[in-house]
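Below is one structure, written out as C-alpha cells; comments come after it.
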Amino acid sequence: MNVTISGVRTVLAALALTCSAVSLSACATTETVANAPVTSGATQDYSAPYDVVKAAALESVQRLNVDIQGSDETDERFQIRFSKAISAFSWGEVGVVNVVRVDDHTTRVYVHTSKRDQMQITGTSERQFANQIFANITESLSRLQQ
Amino acid sequence: MKAVALLGGALLASACAPLRSDPLPEIGPPEYAHVVAKRDLNIRAGETRAERGAWALLSLNPAIIAGAMVGVEDEFGRSQLSEYDLTLVQGGRIATVQSRYVVQVGQCLVMRRPMQGGAVVIIAQEETRCAPQANAGSAQ
C-alpha cells in the first residue's frame with residue numbers, strides 16, 4: 001500500500017471543506033423561521049381579543065433577554081421576530097411569535113424558534129422559549145384586562 | 001493552575017446566557033389617542049459583527065469565522081420599529097412614542113406609558129373609544 005503525505009493532505013483538506021460546508025448549511029437565520037408556516041411551533045389559545053393579545057405578546061418578548069429585530073402585520077397574523085445572542089455555550093437562537101385571530105374573543109399564539117447552528121445540543125429550546133413567552137402573555141393579559 | 005481553571009470557569013459561566021424574563025413593568029393609566037403620523041425606524045441594536053467574529057474565532061473553523069465576519073446575517077445588528085405621533089383625546093396634546101405594535105394613521109388607540117422606563121403599551125381601539133364623551137370620566 002503506497003500512501004503519500006500529499007495524498008493524506010488532500011483527503012484532509014477535502015474533509016475540512018466538506019465539514020465547513022455542512023456546518024454552514026446547517027445554520028438557521030431569522031428568515032428561516034419568519035418564512036415558515038404560521039402554524040409552526042408551540043401554540044396556546046387566549047380568551048382575549050386579537051388587538052390586546054398583540055400588545056401582550058409584544059410586552060412578553062420585550063421582557064426576555066433577546067434582541068427584537070422587528071414586527072409586521074398581514075391579514076393572516078401579527079409577527080414579532082427576535083434573536084438570542086451568541087454565547088459561550090450556544091451559537092444563539094432565532095425565533096418568531098405569530099399572533100392569529102381565531103374569533104372576536106379568542107386569539108391563538110404560535111412560538112417558533114430554531115438554533116442558529118442546528119447541530120448544537122446546547123442553547124434554549126423552542127419549548128423553553130414557548131413556556132416563558134406563554135407565561136408572560138398570561139401575566140400581561142391579566143393586567144391589561146383589569 | 002487552579003486559579004487559571006477557576007478564572008476560565010468563571011468566564012464561561014458569565015458567558016452562559018440562559019433565557020430569563022424581567023418583571024412585568026408598571027404602567028400608567030390609559031390614555032386614548034389618534035395616530036396622526038407614522039415613521040418606520042431602522043436602528044442599531046443587538047449584537048455587533050465584532051462580537052460575532054470574536055465568538056466565531058473560538059470555533060477555529062475558517063468557514064464559520066468568515067461567515068461571521070462578512071456578516072452573513074447583519075440583520076442581527078439592526079432593529080426595526082415605528083415612531084407614532086399621537087393626538088391625545090384628553091387635552092388634544094401631541095405625544096410621540098416608539099413601538100413595535102402595528103397601527104395605522106387615523107386609528108384610535110389606548111396608550112399605557114411605563115412608570116419607570118421601558119416600552120409604552122399600545123392597543124388599537126374601536127373609534128367610539130376615542131369619542132370625547134367616552135373619556136369624559138377618565139381625565140389624566
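Following the order of the C-alpha cells, chains are lettered A, B, ..., residues in each are numbered from 1, and ligands are numbered from 1.
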Which residues of chain A sit at most 8 Å from chain B, using only C-alpha atoms? Give each one's shortest atom pair and distance in Å (one decimal place), in chain and ascending residue order, as a Markdown table.
| residue | atom | partner | partner_atom | distance |
| --- | --- | --- | --- | --- |
| A:Ser20 | CA | B:Ala63 | CA | 5.5 |
| A:Ala21 | CA | B:Ala63 | CA | 7.5 |
| A:Ser23 | CA | B:Ile64 | CA | 7.9 |
| A:Leu24 | CA | B:Ile64 | CA | 7.0 |
| A:Thr29 | CA | B:Glu73 | CA | 7.3 |
| A:Asp51 | CA | B:Ala124 | CA | 6.0 |
| A:Val52 | CA | B:Ile123 | CA | 6.0 |
| A:Lys54 | CA | B:Tyr101 | CA | 7.4 |
| A:Ala55 | CA | B:Ile123 | CA | 6.1 |
| A:Leu58 | CA | B:Tyr101 | CA | 7.3 |
| A:Glu59 | CA | B:Val121 | CA | 7.5 |
| A:Arg63 | CA | B:Asp22 | CA | 5.0 |
| A:Leu64 | CA | B:Ser21 | CA | 4.4 |
| A:Asn65 | CA | B:Arg20 | CA | 6.0 |
| A:Asp67 | CA | B:Gly46 | CA | 5.4 |
| A:Ile68 | CA | B:Ser79 | CA | 6.5 |
| A:Gln69 | CA | B:Ser79 | CA | 4.4 |
| A:Gly70 | CA | B:Gln80 | CA | 4.7 |
| A:Ser71 | CA | B:Arg100 | CA | 6.0 |
| A:Asp72 | CA | B:Val102 | CA | 6.8 |
| A:Glu73 | CA | B:Val102 | CA | 6.8 |
| A:Ser83 | CA | B:Phe76 | CA | 7.2 |
| A:Ala85 | CA | B:Glu47 | CA | 6.5 |
| A:Ile86 | CA | B:Arg52 | CA | 7.0 |
| A:Ser87 | CA | B:Ala15 | CA | 5.5 |
| A:Ala88 | CA | B:Ala15 | CA | 5.2 |
| A:Phe89 | CA | B:Cys16 | CA | 6.0 |
| A:Gly123 | CA | B:Pro18 | CA | 7.6 |
| A:Thr124 | CA | B:Leu19 | CA | 6.8 |
| A:Gln128 | CA | B:Leu19 | CA | 8.0 |
| A:Phe129 | CA | B:Leu19 | CA | 7.5 |
| A:Gln132 | CA | B:Ser21 | CA | 7.7 |
| A:Glu139 | CA | B:Leu24 | CA | 7.8 |
| A:Ser140 | CA | B:Leu24 | CA | 7.4 |
(request) Kindly indicate which residue among A:Gln79, A:Thr39, A:Ser90, A:Ser47 lies nearest to Asp104 of chain A, using only C-alpha atoms for the distances. (result) A:Ser47
(request) Please run DSSP on the backbone and report, as a VMD selection string, all residues within segment 45-76 of chain A that come out as helix (DSSP H, G or I). (result) chain A and resid 50 to 62
Could those selected residues go to a file with N, CA and C atoms, as a CSV table (one decimal), in the first residue's frame?
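The file below, result.csv, is the result:
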chain,number,residue,atom,x,y,z
A,50,TYR,N,-57.9,39.9,19.7
A,50,TYR,CA,-56.6,39.9,19.0
A,50,TYR,C,-55.8,41.2,19.3
A,51,ASP,N,-56.4,42.3,19.3
A,51,ASP,CA,-55.6,43.6,19.5
A,51,ASP,C,-54.9,43.6,20.8
A,52,VAL,N,-55.6,43.0,21.8
A,52,VAL,CA,-55.0,43.0,23.2
A,52,VAL,C,-53.9,42.0,23.3
A,53,VAL,N,-54.1,40.8,22.7
A,53,VAL,CA,-53.0,39.8,22.7
A,53,VAL,C,-51.8,40.2,21.9
A,54,LYS,N,-52.0,41.0,20.9
A,54,LYS,CA,-50.8,41.6,20.2
A,54,LYS,C,-50.0,42.3,21.1
A,55,ALA,N,-50.6,43.2,21.9
A,55,ALA,CA,-49.8,44.0,22.9
A,55,ALA,C,-49.2,43.2,23.9
A,56,ALA,N,-49.9,42.2,24.4
A,56,ALA,CA,-49.4,41.3,25.5
A,56,ALA,C,-48.2,40.5,24.9
A,57,ALA,N,-48.3,40.0,23.7
A,57,ALA,CA,-47.2,39.2,23.1
A,57,ALA,C,-45.9,40.1,22.9
A,58,LEU,N,-46.1,41.3,22.5
A,58,LEU,CA,-45.0,42.3,22.4
A,58,LEU,C,-44.4,42.5,23.7
A,59,GLU,N,-45.2,42.8,24.7
A,59,GLU,CA,-44.6,43.0,26.1
A,59,GLU,C,-43.9,41.8,26.6
A,60,SER,N,-44.5,40.7,26.3
A,60,SER,CA,-43.9,39.4,26.7
A,60,SER,C,-42.4,39.2,26.2
A,61,VAL,N,-42.3,39.5,24.9
A,61,VAL,CA,-40.9,39.3,24.3
A,61,VAL,C,-40.0,40.4,24.7
A,62,GLN,N,-40.5,41.6,24.9
A,62,GLN,CA,-39.6,42.7,25.4
A,62,GLN,C,-39.0,42.4,26.8
(message) Quick one: residues within 7 Å of Lys84 of chain A, only C-alpha atoms, excluding same-chain residues fewer than 2 positions away - as a PyMOL selection string?
(response) chain A and resi 66-67+82+86+92-94
Writing out the chosen residues with N, CA and C atoms as a short mmCIF file (atom, residue, chain, number, x, y, z; two decimals), in the first residue's frame:
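Saved to again.cif:
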data_model
loop_
_atom_site.label_atom_id
_atom_site.label_comp_id
_atom_site.auth_asym_id
_atom_site.auth_seq_id
_atom_site.Cartn_x
_atom_site.Cartn_y
_atom_site.Cartn_z
N VAL A 66 -33.62 38.84 24.90
CA VAL A 66 -33.44 38.60 23.46
C VAL A 66 -33.43 39.96 22.76
N ASP A 67 -32.96 39.96 21.51
CA ASP A 67 -32.98 41.18 20.70
C ASP A 67 -34.17 41.10 19.76
N PHE A 82 -37.32 37.78 16.64
CA PHE A 82 -36.30 38.04 17.65
C PHE A 82 -35.12 37.09 17.49
N ILE A 86 -25.36 35.16 20.61
CA ILE A 86 -24.33 34.13 20.69
C ILE A 86 -23.70 34.16 22.08
N GLY A 92 -26.51 30.83 19.57
CA GLY A 92 -27.69 31.70 19.61
C GLY A 92 -28.88 31.04 18.94
N GLU A 93 -30.02 31.71 19.07
CA GLU A 93 -31.25 31.18 18.50
C GLU A 93 -31.99 32.29 17.76
N VAL A 94 -32.85 31.91 16.86
CA VAL A 94 -33.73 32.85 16.17
C VAL A 94 -35.16 32.38 16.39
#
(request) Could you check how far atom CA of Lys38 of chain B sits from atom CA of Arg129 of chain B, in Å to one decimal? (result)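 Between atom CA of Lys38 of chain B and atom CA of Arg129 of chain B the gap works out to 20.6 Å.
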(message) Taking only C-alpha atoms into account, name the residue in A:Ala48, A:Val111, A:Val102, A:Ala135 that is nearest to Val33 of chain A.
(response) A:Val111
(message) Among chain A, which ones does DSSP assign to strand (DSSP E or B) (computed from the backbone)? Answer as a PyMOL selection string.
(response) chain A and resi 27+42-46+64+67-73+78-84+87+90+93-103+106-115+117
With C-alpha atoms retained, export the selected residues as a PDB file, in the first residue's frame.
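What ended up in part-v5.pdb:
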ATOM      1  CA  CYS A  27     -27.338  27.417  10.023  1.00  0.00           C
ATOM      2  CA  ALA A  42     -45.777  25.556  20.009  1.00  0.00           C
ATOM      3  CA  THR A  43     -49.241  27.069  20.340  1.00  0.00           C
ATOM      4  CA  GLN A  44     -51.598  28.371  23.009  1.00  0.00           C
ATOM      5  CA  ASP A  45     -55.071  29.951  22.853  1.00  0.00           C
ATOM      6  CA  TYR A  46     -56.091  33.014  24.875  1.00  0.00           C
ATOM      7  CA  LEU A  64     -36.854  38.483  27.691  1.00  0.00           C
ATOM      8  CA  ASP A  67     -32.978  41.183  20.704  1.00  0.00           C
ATOM      9  CA  ILE A  68     -36.205  42.104  18.916  1.00  0.00           C
ATOM     10  CA  GLN A  69     -35.445  42.561  15.242  1.00  0.00           C
ATOM     11  CA  GLY A  70     -38.833  43.809  14.139  1.00  0.00           C
ATOM     12  CA  SER A  71     -42.520  43.164  13.731  1.00  0.00           C
ATOM     13  CA  ASP A  72     -45.070  43.315  10.970  1.00  0.00           C
ATOM     14  CA  GLU A  73     -48.696  42.520  10.335  1.00  0.00           C
ATOM     15  CA  PHE A  78     -49.055  39.775  13.622  1.00  0.00           C
ATOM     16  CA  GLN A  79     -45.425  38.624  13.804  1.00  0.00           C
ATOM     17  CA  ILE A  80     -42.575  39.513  16.172  1.00  0.00           C
ATOM     18  CA  ARG A  81     -39.058  38.457  15.085  1.00  0.00           C
ATOM     19  CA  PHE A  82     -36.296  38.044  17.646  1.00  0.00           C
ATOM     20  CA  SER A  83     -32.852  36.536  18.143  1.00  0.00           C
ATOM     21  CA  LYS A  84     -30.927  35.409  21.187  1.00  0.00           C
ATOM     22  CA  SER A  87     -22.683  32.955  23.946  1.00  0.00           C
ATOM     23  CA  SER A  90     -24.548  28.454  22.093  1.00  0.00           C
ATOM     24  CA  GLU A  93     -31.250  31.177  18.504  1.00  0.00           C
ATOM     25  CA  VAL A  94     -33.726  32.854  16.168  1.00  0.00           C
ATOM     26  CA  GLY A  95     -37.472  32.922  16.645  1.00  0.00           C
ATOM     27  CA  VAL A  96     -40.853  34.370  15.824  1.00  0.00           C
ATOM     28  CA  VAL A  97     -44.101  34.857  17.706  1.00  0.00           C
ATOM     29  CA  ASN A  98     -47.171  34.729  15.463  1.00  0.00           C
ATOM     30  CA  VAL A  99     -50.469  36.112  16.802  1.00  0.00           C
ATOM     31  CA  VAL A 100     -53.531  34.847  14.907  1.00  0.00           C
ATOM     32  CA  ARG A 101     -57.173  35.917  15.291  1.00  0.00           C
ATOM     33  CA  VAL A 102     -59.476  32.914  15.869  1.00  0.00           C
ATOM     34  CA  ASP A 103     -62.690  34.877  16.511  1.00  0.00           C
ATOM     35  CA  THR A 106     -60.186  34.095  21.073  1.00  0.00           C
ATOM     36  CA  THR A 107     -56.633  34.576  19.826  1.00  0.00           C
ATOM     37  CA  ARG A 108     -54.018  31.918  19.118  1.00  0.00           C
ATOM     38  CA  VAL A 109     -50.288  32.457  19.633  1.00  0.00           C
ATOM     39  CA  TYR A 110     -47.563  30.385  17.976  1.00  0.00           C
ATOM     40  CA  VAL A 111     -43.933  30.401  19.128  1.00  0.00           C
ATOM     41  CA  HIS A 112     -41.449  29.018  16.624  1.00  0.00           C
ATOM     42  CA  THR A 113     -37.692  29.098  17.249  1.00  0.00           C
ATOM     43  CA  SER A 114     -34.586  27.458  15.886  1.00  0.00           C
ATOM     44  CA  LYS A 115     -30.971  27.204  16.946  1.00  0.00           C
ATOM     45  CA  ASP A 117     -26.415  26.129  14.426  1.00  0.00           C
TER      46      ASP A 117
END
(message) Can you measure atom CA of Glu127 of chain B to atom CA of Thr87 of chain B for me? One decimal in Å is fine.
(response) 13.7 Å
(request) Find the residue from A:His105, A:Val38, A:Ser125, A:Trp91 that sits nearest to Arg77 of chain A; use only C-alpha atoms when measuring. (result) A:Val38
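Considering the residues A:Asn35, A:Gly41, A:Arg9, A:Thr4 and counting only C-alpha atoms, Arg127 of chain A has its shortest atom-to-atom contact with A:Gly41.
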(message) Would you compute the distance between atom CA of Arg113 of chain B and atom CA of Glu31 of chain B? Give it in Å to one decimal.
(response)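 It comes out at 8.5 Å.
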